[in-house]
file start33.cif (mmCIF, C-alpha atoms and all ligand atoms)
data_final
#
loop_
_atom_site.group_PDB
_atom_site.id
_atom_site.type_symbol
_atom_site.label_atom_id
_atom_site.label_comp_id
_atom_site.auth_asym_id
_atom_site.auth_seq_id
_atom_site.Cartn_x
_atom_site.Cartn_y
_atom_site.Cartn_z
ATOM 1 C CA MET A 1 8.999 -7.859 10.406
ATOM 2 C CA ALA A 2 6.437 -5.721 8.543
ATOM 3 C CA ILE A 3 2.806 -6.721 9.168
ATOM 4 C CA ASN A 4 0.451 -6.723 6.187
ATOM 5 C CA LYS A 5 -3.329 -6.503 6.571
ATOM 6 C CA HIS A 6 -3.905 -7.987 3.095
ATOM 7 C CA GLU A 7 -3.571 -11.659 2.241
ATOM 8 C CA VAL A 8 -1.846 -12.998 -0.851
ATOM 9 C CA PHE A 9 -4.476 -13.492 -3.594
ATOM 10 C CA SER A 10 -5.575 -17.112 -3.562
ATOM 11 C CA ILE A 11 -4.787 -19.323 -6.515
ATOM 12 C CA LYS A 12 -8.360 -20.660 -6.148
ATOM 13 C CA LYS A 13 -9.651 -17.251 -7.290
ATOM 14 C CA ALA A 14 -7.161 -16.871 -10.165
ATOM 15 C CA ARG A 15 -9.867 -17.151 -12.855
ATOM 16 C CA ARG A 16 -11.441 -13.919 -11.601
ATOM 17 C CA LEU A 17 -8.361 -12.053 -12.805
ATOM 18 C CA THR A 18 -8.843 -12.978 -16.459
ATOM 19 C CA ARG A 19 -12.637 -12.633 -16.762
ATOM 20 C CA TRP A 20 -13.996 -11.041 -19.961
ATOM 21 C CA VAL A 21 -15.677 -8.314 -17.950
ATOM 22 C CA ARG A 22 -12.276 -7.164 -16.662
ATOM 23 C CA ARG A 23 -10.997 -7.044 -20.244
ATOM 24 C CA ILE A 24 -13.814 -4.633 -21.043
ATOM 25 C CA LEU A 25 -13.434 -2.469 -17.932
ATOM 26 C CA GLN A 26 -9.620 -2.581 -17.790
ATOM 27 C CA ASN A 27 -8.442 -3.260 -21.321
ATOM 28 C CA PRO A 28 -4.795 -4.317 -20.826
ATOM 29 C CA ASN A 29 -3.715 -3.184 -24.288
ATOM 30 C CA LYS A 30 -5.182 0.278 -23.775
ATOM 31 C CA ILE A 31 -3.633 0.556 -20.305
ATOM 32 C CA LEU A 32 -0.126 -0.572 -21.324
ATOM 33 C CA ARG A 33 0.104 0.946 -24.809
ATOM 34 C CA PRO A 34 1.324 4.377 -23.615
ATOM 35 C CA TYR A 35 4.265 2.781 -21.761
ATOM 36 C CA VAL A 36 5.392 -0.483 -23.409
ATOM 37 C CA ARG A 37 7.104 -0.218 -26.773
ATOM 38 C CA SER A 38 8.771 -2.622 -29.148
ATOM 39 C CA GLY A 39 12.101 -4.001 -27.920
ATOM 40 C CA MET A 40 11.553 -3.100 -24.270
ATOM 41 C CA ASN A 41 12.453 -5.217 -21.279
ATOM 42 C CA VAL A 42 9.374 -5.356 -19.042
ATOM 43 C CA LEU A 43 8.927 -6.895 -15.605
ATOM 44 C CA ASP A 44 5.403 -7.865 -14.532
ATOM 45 C CA PHE A 45 5.634 -8.306 -10.774
ATOM 46 C CA GLY A 46 2.859 -10.356 -9.161
ATOM 47 C CA CYS A 47 1.848 -11.381 -12.670
ATOM 48 C CA GLY A 48 -0.824 -13.874 -11.539
ATOM 49 C CA PRO A 49 -2.227 -15.824 -14.509
ATOM 50 C CA GLY A 50 -0.851 -13.186 -16.906
ATOM 51 C CA PHE A 51 -3.719 -10.801 -17.697
ATOM 52 C CA PHE A 52 -1.193 -7.974 -18.248
ATOM 53 C CA THR A 53 1.881 -10.134 -19.034
ATOM 54 C CA ILE A 54 0.495 -11.403 -22.326
ATOM 55 C CA GLU A 55 -0.455 -7.943 -23.536
ATOM 56 C CA ALA A 56 2.934 -6.529 -22.458
ATOM 57 C CA ALA A 57 4.673 -9.292 -24.445
ATOM 58 C CA LYS A 58 2.621 -8.459 -27.546
ATOM 59 C CA LEU A 59 3.518 -4.764 -27.242
ATOM 60 C CA ALA A 60 7.209 -5.516 -26.545
ATOM 61 C CA GLY A 61 7.342 -7.438 -29.820
ATOM 62 C CA GLU A 62 9.816 -10.031 -31.032
ATOM 63 C CA GLU A 63 12.816 -8.049 -29.770
ATOM 64 C CA GLY A 64 11.317 -7.402 -26.353
ATOM 65 C CA ARG A 65 11.122 -9.511 -23.186
ATOM 66 C CA VAL A 66 8.685 -9.762 -20.291
ATOM 67 C CA ILE A 67 9.876 -11.238 -17.032
ATOM 68 C CA ALA A 68 6.789 -12.546 -15.241
ATOM 69 C CA VAL A 69 7.432 -12.804 -11.505
ATOM 70 C CA ASP A 70 5.137 -14.320 -8.883
ATOM 71 C CA LEU A 71 5.325 -15.718 -5.391
ATOM 72 C CA GLN A 72 3.021 -18.607 -6.278
ATOM 73 C CA GLN A 73 4.213 -21.289 -8.647
ATOM 74 C CA GLY A 74 0.555 -22.123 -9.377
ATOM 75 C CA MET A 75 0.009 -18.684 -10.936
ATOM 76 C CA LEU A 76 3.100 -19.092 -13.132
ATOM 77 C CA ASP A 77 1.844 -22.534 -14.193
ATOM 78 C CA LEU A 78 -1.477 -21.032 -15.334
ATOM 79 C CA LEU A 79 0.422 -18.464 -17.407
ATOM 80 C CA ALA A 80 2.751 -21.138 -18.814
ATOM 81 C CA ASP A 81 -0.286 -23.145 -19.997
ATOM 82 C CA LYS A 82 -1.707 -20.099 -21.782
ATOM 83 C CA ILE A 83 1.418 -19.333 -23.802
ATOM 84 C CA LYS A 84 2.559 -22.909 -24.446
ATOM 85 C CA GLY A 85 3.417 -23.440 -28.090
ATOM 86 C CA SER A 86 2.790 -19.806 -29.039
ATOM 87 C CA GLU A 87 5.198 -17.143 -30.267
ATOM 88 C CA LEU A 88 4.862 -15.421 -26.880
ATOM 89 C CA GLU A 89 6.531 -18.337 -25.091
ATOM 90 C CA LYS A 90 9.917 -17.069 -26.345
ATOM 91 C CA ARG A 91 9.287 -13.539 -25.042
ATOM 92 C CA ILE A 92 7.974 -14.365 -21.563
ATOM 93 C CA ILE A 93 10.382 -15.542 -18.883
ATOM 94 C CA LEU A 94 8.697 -17.033 -15.814
ATOM 95 C CA ARG A 95 10.330 -16.495 -12.426
ATOM 96 C CA LYS A 96 9.130 -17.636 -9.039
ATOM 97 C CA CYS A 97 10.225 -15.218 -6.295
ATOM 98 C CA GLU A 98 10.363 -15.218 -2.503
ATOM 99 C CA ASP A 99 8.481 -12.861 -0.178
ATOM 100 C CA ASN A 100 10.210 -9.455 -0.170
ATOM 101 C CA LYS A 101 12.611 -10.413 -2.967
ATOM 102 C CA ILE A 102 12.067 -9.688 -6.647
ATOM 103 C CA GLY A 103 14.828 -12.106 -7.608
ATOM 104 C CA VAL A 104 15.753 -10.270 -10.823
ATOM 105 C CA THR A 105 18.973 -8.335 -11.425
ATOM 106 C CA GLU A 106 18.780 -7.300 -15.072
ATOM 107 C CA GLY A 107 17.716 -3.719 -15.856
ATOM 108 C CA VAL A 108 14.114 -3.140 -16.944
ATOM 109 C CA ASP A 109 12.475 -0.337 -18.953
ATOM 110 C CA VAL A 110 9.012 -0.837 -17.481
ATOM 111 C CA PHE A 111 8.198 -2.321 -14.098
ATOM 112 C CA LEU A 112 4.529 -3.275 -13.667
ATOM 113 C CA ALA A 113 3.067 -3.795 -10.195
ATOM 114 C CA ILE A 114 -0.651 -4.279 -10.802
ATOM 115 C CA HIS A 115 -2.932 -5.187 -7.885
ATOM 116 C CA VAL A 116 0.039 -6.473 -5.905
ATOM 117 C CA VAL A 117 1.771 -3.780 -3.810
ATOM 118 C CA HIS A 118 -0.910 -4.072 -1.103
ATOM 119 C CA GLU A 119 0.050 -7.754 -0.751
ATOM 120 C CA VAL A 120 3.778 -7.045 -0.388
ATOM 121 C CA PRO A 121 4.817 -7.215 3.286
ATOM 122 C CA ASP A 122 7.639 -4.655 3.330
ATOM 123 C CA LYS A 123 6.833 -1.856 0.893
ATOM 124 C CA ALA A 124 9.968 0.223 1.571
ATOM 125 C CA LEU A 125 12.175 -2.783 0.841
ATOM 126 C CA PHE A 126 10.144 -3.477 -2.294
ATOM 127 C CA PHE A 127 10.424 0.092 -3.644
ATOM 128 C CA MET A 128 14.177 0.089 -2.995
ATOM 129 C CA ALA A 129 14.512 -3.184 -4.910
ATOM 130 C CA VAL A 130 12.467 -1.768 -7.827
ATOM 131 C CA LYS A 131 14.733 1.275 -7.953
ATOM 132 C CA ASN A 132 17.793 -0.955 -8.195
ATOM 133 C CA ILE A 133 16.609 -2.737 -11.311
ATOM 134 C CA LEU A 134 14.726 0.049 -13.093
ATOM 135 C CA LYS A 135 16.816 1.642 -15.859
ATOM 136 C CA PRO A 136 17.461 5.411 -15.408
ATOM 137 C CA LYS A 137 14.660 6.409 -17.788
ATOM 138 C CA GLY A 138 12.470 3.492 -16.858
ATOM 139 C CA ILE A 139 8.926 3.748 -15.609
ATOM 140 C CA PHE A 140 7.277 2.093 -12.652
ATOM 141 C CA TYR A 141 3.528 1.532 -13.103
ATOM 142 C CA VAL A 142 1.544 0.861 -9.933
ATOM 143 C CA SER A 143 -2.185 0.276 -9.763
ATOM 144 C CA GLU A 144 -4.397 -0.960 -6.989
ATOM 145 C CA PRO A 145 -8.057 -1.976 -6.886
ATOM 146 C CA LYS A 146 -10.238 0.670 -5.219
ATOM 147 C CA GLY A 147 -12.253 -2.102 -3.596
ATOM 148 C CA ARG A 148 -9.262 -3.308 -1.611
ATOM 149 C CA VAL A 149 -7.016 -0.269 -1.275
ATOM 150 C CA ASP A 150 -8.557 2.961 -0.021
ATOM 151 C CA LYS A 151 -7.273 6.440 -0.868
ATOM 152 C CA ALA A 152 -5.317 6.787 2.382
ATOM 153 C CA GLU A 153 -3.524 3.463 1.906
ATOM 154 C CA PHE A 154 -2.677 4.309 -1.703
ATOM 155 C CA GLU A 155 -1.322 7.711 -0.697
ATOM 156 C CA GLU A 156 0.813 6.053 1.950
ATOM 157 C CA MET A 157 2.267 3.751 -0.737
ATOM 158 C CA ILE A 158 3.119 6.805 -2.867
ATOM 159 C CA MET A 159 4.740 8.470 0.121
ATOM 160 C CA ILE A 160 6.948 5.405 0.726
ATOM 161 C CA ALA A 161 7.836 5.348 -2.981
ATOM 162 C CA LYS A 162 8.804 9.048 -2.869
ATOM 163 C CA LYS A 163 10.952 8.455 0.224
ATOM 164 C CA ASN A 164 12.754 5.810 -1.802
ATOM 165 C CA GLY A 165 13.624 8.141 -4.660
ATOM 166 C CA PHE A 166 10.584 7.982 -6.963
ATOM 167 C CA LYS A 167 8.655 10.897 -8.352
ATOM 168 C CA ILE A 168 5.223 11.033 -9.974
ATOM 169 C CA LYS A 169 5.303 11.062 -13.763
ATOM 170 C CA ASP A 170 1.679 10.399 -14.626
ATOM 171 C CA GLN A 171 -1.653 9.609 -12.960
ATOM 172 C CA PRO A 172 -3.679 7.616 -15.485
ATOM 173 C CA LYS A 173 -7.419 7.245 -14.960
ATOM 174 C CA ILE A 174 -8.239 3.545 -14.779
ATOM 175 C CA TYR A 175 -11.786 2.394 -14.081
ATOM 176 C CA LEU A 176 -12.106 0.895 -10.563
ATOM 177 C CA ASP A 177 -8.367 1.373 -9.910
ATOM 178 C CA ARG A 178 -6.009 3.874 -8.314
ATOM 179 C CA ALA A 179 -3.032 4.150 -10.651
ATOM 180 C CA ILE A 180 0.235 6.023 -10.736
ATOM 181 C CA VAL A 181 3.298 6.070 -12.961
ATOM 182 C CA LEU A 182 6.574 6.742 -11.176
ATOM 183 C CA SER A 183 10.109 7.373 -12.323
ATOM 184 C CA HIS A 184 13.481 7.757 -10.603
ATOM 185 C CA ASP A 185 14.474 11.101 -9.175
ATOM 186 C CA GLY A 186 16.081 13.068 -11.973
ATOM 187 C CA ALA A 187 14.878 10.785 -14.791
HETATM 188 C C1 LIG B 201 -4.463 -9.817 -7.125
HETATM 189 S S1 LIG B 201 -3.267 -10.763 -7.987
HETATM 190 C C2 LIG B 201 -2.942 -9.702 -9.395
HETATM 191 C C3 LIG B 201 -2.347 -10.443 -10.557
HETATM 192 C C4 LIG B 201 -2.072 -9.593 -11.805
HETATM 193 N N1 LIG B 201 -1.107 -8.554 -11.555
HETATM 194 C C5 LIG B 201 -3.348 -9.008 -12.354
HETATM 195 O O1 LIG B 201 -3.573 -7.805 -12.190
HETATM 196 O O2 LIG B 201 -4.129 -9.772 -12.940
HETATM 197 C C6 LIG B 201 -1.807 -10.565 -7.020
HETATM 198 C C7 LIG B 201 -0.672 -11.471 -7.456
HETATM 199 O O3 LIG B 201 0.519 -11.059 -6.776
HETATM 200 C C8 LIG B 201 1.198 -12.188 -6.265
HETATM 201 N N2 LIG B 201 1.959 -11.766 -5.077
HETATM 202 C C9 LIG B 201 1.495 -11.420 -3.855
HETATM 203 N N3 LIG B 201 2.498 -11.072 -3.040
HETATM 204 C C10 LIG B 201 3.637 -11.174 -3.759
HETATM 205 C C11 LIG B 201 5.012 -10.964 -3.477
HETATM 206 N N4 LIG B 201 5.425 -10.566 -2.262
HETATM 207 N N5 LIG B 201 5.908 -11.200 -4.454
HETATM 208 C C12 LIG B 201 5.495 -11.604 -5.680
HETATM 209 N N6 LIG B 201 4.217 -11.840 -6.008
HETATM 210 C C13 LIG B 201 3.287 -11.631 -5.069
HETATM 211 C C14 LIG B 201 0.106 -13.193 -5.973
HETATM 212 O O4 LIG B 201 0.597 -14.511 -5.946
HETATM 213 C C15 LIG B 201 -0.880 -12.941 -7.110
HETATM 214 O O5 LIG B 201 -0.578 -13.725 -8.224
#

call {"tool": "encode", "arguments": {"input": "start33.cif", "output": "structure tokens", "more": "lines below"}}
Ligand SMILES: C[S@@+](CC[C@H](N)C(=O)[O-])C[C@H]1O[C@@H](n2cnc3c(N)ncnc32)[C@H](O)[C@@H]1O
result
Amino acid sequence: MAINKHEVFSIKKARRLTRWVRRILQNPNKILRPYVRSGMNVLDFGCGPGFFTIEAAKLAGEEGRVIAVDLQQGMLDLLADKIKGSELEKRIILRKCEDNKIGVTEGVDVFLAIHVVHEVPDKALFFMAVKNILKPKGIFYVSEPKGRVDKAEFEEMIMIAKKNGFKIKDQPKIYLDRAIVLSHDGA
């Protein structure tokens, strides 16, 4: 079994993920706008309380869908509370997953993995699973916090992704993050 040095982000600290200061430093609309368009099917893996999910759903529009996946039911409950009764409730599908399983089979245009890959125990298995559900021209957006993931660890993640058939499409500059946009070989 793969050993992971990082713990799963505690539900007790969930509020830190949606603080106003983060919205200023890492504006989710600005970050996602180049990739998420109207009508797209987006998957937000390790969605937490939905800091990026909500913005992705707005950008995907009425015809689009965002599948919000998390290991912790508590995180999904926080997101459910936020969208309850709003238009976005129809566009966001909440899915609880198991460790090392995404639990989604439908094809997605954009796969978001924001501040989560370092918490995933078996990264090779994870990248293979992403490849299986990403549409041929789909994009895979990965970002990690610099405070928790150093350059060497991030480069190792990219190496594992490349071994599993991904290539680098873009390297956006995100304040306090290490970010990369990947696509399938040949896409
Ligand atoms: C640091 S939080 C980031 C949340 C969100 N992406 C954001 O940027 O605000 C990491 C989230 O990933 C989830 N997570 C950790 N390991 C996971 C796994 N193996 N599968 C699915 N979700 C996982 C945690 O429960 C937590 O909600």

call {"tool": "resolve_selection", "arguments": {"input": "start33.cif", "expression": "the PyMOL selection byres (((not hetatm)) within 7 of (chain B and resi 201))", "output": "PyMOL selection string"}}
result
chain A and resi 8-9+17-18+45-52+69-72+75+97-102+113-116+119-121

call {"tool": "closest_residue", "arguments": {"input": "start33.cif", "among": "A:Arg23, A:Arg148, A:Lys123, A:Arg178", "to": "A:Asn4", "atoms": "all atoms listed in the file"}}
result
A:Lys123

call {"tool": "atom_distance", "arguments": {"input": "start33.cif", "atom1": "atom CA of A:Val42", "atom2": "atom CA of A:Ala57"}}
result
8.2 Å

call {"tool": "resolve_selection", "arguments": {"input": "start33.cif", "expression": "the PyMOL selection byres (((chain A and resi 38-40) around 10) and not hetatm)", "output": "short mmCIF file (atom, residue, chain, number, x, y, z; two decimals) with C-alpha atoms, in the frame of the given file"}}
result
data_model
loop_
_atom_site.label_atom_id
_atom_site.label_comp_id
_atom_site.auth_asym_id
_atom_site.auth_seq_id
_atom_site.Cartn_x
_atom_site.Cartn_y
_atom_site.Cartn_z
CA TYR A 35 4.26 2.78 -21.76
CA VAL A 36 5.39 -0.48 -23.41
CA ARG A 37 7.10 -0.22 -26.77
CA ASN A 41 12.45 -5.22 -21.28
CA VAL A 42 9.37 -5.36 -19.04
CA LEU A 43 8.93 -6.90 -15.60
CA ALA A 56 2.93 -6.53 -22.46
CA ALA A 57 4.67 -9.29 -24.44
CA LYS A 58 2.62 -8.46 -27.55
CA LEU A 59 3.52 -4.76 -27.24
CA ALA A 60 7.21 -5.52 -26.54
CA GLY A 61 7.34 -7.44 -29.82
CA GLU A 62 9.82 -10.03 -31.03
CA GLU A 63 12.82 -8.05 -29.77
CA GLY A 64 11.32 -7.40 -26.35
CA ARG A 65 11.12 -9.51 -23.19
CA VAL A 66 8.68 -9.76 -20.29
CA VAL A 108 14.11 -3.14 -16.94
CA ASP A 109 12.48 -0.34 -18.95
CA VAL A 110 9.01 -0.84 -17.48
CA GLY A 138 12.47 3.49 -16.86
#

call {"tool": "residues_around", "arguments": {"input": "start33.cif", "residues": "A:Ile174", "least_positions_apart": "2", "cutoff": "12 Å", "atoms": "only C-alpha atoms", "output": "list in words"}}
result
Arg22, Ile24, Leu25, Gln26, Asn27, Pro28, Lys30, Ile31, Leu32, Ile114, Val142, Ser143, Glu144, Pro145, Lys146, Gln171, Pro172, Leu176, Asp177, Arg178, Ala179, Ile180 and Val181 of chain A

call {"tool": "resolve_selection", "arguments": {"input": "start33.cif", "expression": "the PyMOL selection byres (((chain A and resi 182) around 8) and not hetatm)", "output": "MDAnalysis selection string"}}
result
chainID A and resid 139:142 166:170 180:181 183:184

call {"tool": "atom_distance", "arguments": {"input": "start33.cif", "atom1": "atom CA of A:Tyr175", "atom2": "atom CA of A:Val117"}}
result
18.1 Å

call {"tool": "atom_distance", "arguments": {"input": "start33.cif", "atom1": "atom CA of A:Arg33", "atom2": "atom CA of A:Arg19"}}
result
20.3 Å

call {"tool": "closest_residue", "arguments": {"input": "start33.cif", "among": "A:Ala80, A:Ile67, A:Ile160, A:Leu134", "to": "A:Ile93", "atoms": "all atoms listed in the file"}}
result
A:Ile67

call {"tool": "build_atoms", "arguments": {"input": "start33.cif", "residues": "stretch 61-72 of chain A", "atoms": "all heavy atoms", "output": "CSV table (one decimal), keeping the file's coordinate frame"}}
result
chain,number,residue,atom,x,y,z
A,61,GLY,N,7.0,-6.9,-28.5
A,61,GLY,CA,7.3,-7.4,-29.8
A,61,GLY,C,8.4,-8.5,-29.8
A,61,GLY,O,8.9,-8.9,-28.7
A,62,GLU,N,8.8,-8.9,-30.9
A,62,GLU,CA,9.8,-10.0,-31.0
A,62,GLU,C,11.1,-9.7,-30.4
A,62,GLU,O,11.8,-10.6,-29.9
A,62,GLU,CB,10.1,-10.3,-32.5
A,62,GLU,CG,9.1,-11.2,-33.1
A,62,GLU,CD,9.4,-11.5,-34.6
A,62,GLU,OE1,10.6,-11.5,-35.0
A,62,GLU,OE2,8.4,-11.7,-35.3
A,63,GLU,N,11.5,-8.4,-30.4
A,63,GLU,CA,12.8,-8.0,-29.8
A,63,GLU,C,12.7,-7.8,-28.3
A,63,GLU,O,13.7,-7.6,-27.6
A,63,GLU,CB,13.4,-6.8,-30.5
A,63,GLU,CG,13.5,-6.9,-32.0
A,63,GLU,CD,14.5,-8.0,-32.4
A,63,GLU,OE1,15.5,-8.1,-31.7
A,63,GLU,OE2,14.2,-8.7,-33.3
A,64,GLY,N,11.5,-7.7,-27.8
A,64,GLY,CA,11.3,-7.4,-26.4
A,64,GLY,C,11.2,-8.6,-25.5
A,64,GLY,O,11.1,-9.8,-26.0
A,65,ARG,N,11.2,-8.4,-24.2
A,65,ARG,CA,11.1,-9.5,-23.2
A,65,ARG,C,10.2,-9.1,-22.0
A,65,ARG,O,10.2,-7.9,-21.6
A,65,ARG,CB,12.5,-9.8,-22.6
A,65,ARG,CG,13.5,-10.5,-23.5
A,65,ARG,CD,13.1,-12.0,-23.7
A,65,ARG,NE,14.0,-12.6,-24.8
A,65,ARG,CZ,13.7,-12.5,-26.1
A,65,ARG,NH1,12.6,-11.9,-26.5
A,65,ARG,NH2,14.5,-13.1,-26.9
A,66,VAL,N,9.5,-10.0,-21.5
A,66,VAL,CA,8.7,-9.8,-20.3
A,66,VAL,C,9.1,-10.8,-19.2
A,66,VAL,O,9.0,-12.0,-19.5
A,66,VAL,CB,7.2,-9.8,-20.5
A,66,VAL,CG1,6.4,-9.5,-19.2
A,66,VAL,CG2,6.7,-8.8,-21.6
A,67,ILE,N,9.6,-10.3,-18.1
A,67,ILE,CA,9.9,-11.2,-17.0
A,67,ILE,C,8.6,-11.3,-16.1
A,67,ILE,O,8.2,-10.2,-15.6
A,67,ILE,CB,11.1,-10.8,-16.2
A,67,ILE,CG1,12.3,-10.5,-17.2
A,67,ILE,CG2,11.5,-11.8,-15.2
A,67,ILE,CD1,13.4,-9.7,-16.5
A,68,ALA,N,8.0,-12.4,-16.0
A,68,ALA,CA,6.8,-12.5,-15.2
A,68,ALA,C,7.2,-13.2,-13.9
A,68,ALA,O,7.6,-14.3,-13.8
A,68,ALA,CB,5.8,-13.4,-16.0
A,69,VAL,N,7.0,-12.4,-12.8
A,69,VAL,CA,7.4,-12.8,-11.5
A,69,VAL,C,6.2,-13.0,-10.6
A,69,VAL,O,5.3,-12.2,-10.5
A,69,VAL,CB,8.3,-11.7,-10.9
A,69,VAL,CG1,8.8,-12.1,-9.5
A,69,VAL,CG2,9.6,-11.5,-11.8
A,70,ASP,N,6.2,-14.1,-9.9
A,70,ASP,CA,5.1,-14.3,-8.9
A,70,ASP,C,5.7,-15.2,-7.7
A,70,ASP,O,6.5,-16.0,-7.9
A,70,ASP,CB,3.9,-14.9,-9.5
A,70,ASP,CG,2.6,-14.6,-8.8
A,70,ASP,OD1,2.4,-15.1,-7.6
A,70,ASP,OD2,1.9,-13.7,-9.2
A,71,LEU,N,5.0,-15.0,-6.6
A,71,LEU,CA,5.3,-15.7,-5.4
A,71,LEU,C,4.8,-17.2,-5.5
A,71,LEU,O,5.3,-18.1,-4.9
A,71,LEU,CB,4.6,-15.0,-4.3
A,71,LEU,CG,4.9,-15.2,-2.8
A,71,LEU,CD1,6.3,-14.9,-2.5
A,71,LEU,CD2,3.9,-14.4,-2.0
A,72,GLN,N,3.7,-17.3,-6.2
A,72,GLN,CA,3.0,-18.6,-6.3
A,72,GLN,C,3.3,-19.3,-7.6
A,72,GLN,O,2.9,-18.8,-8.7
A,72,GLN,CB,1.5,-18.4,-6.1
A,72,GLN,CG,1.1,-17.7,-4.8
A,72,GLN,CD,-0.4,-17.7,-4.6
A,72,GLN,OE1,-1.0,-18.6,-4.2
A,72,GLN,NE2,-1.0,-16.5,-5.0
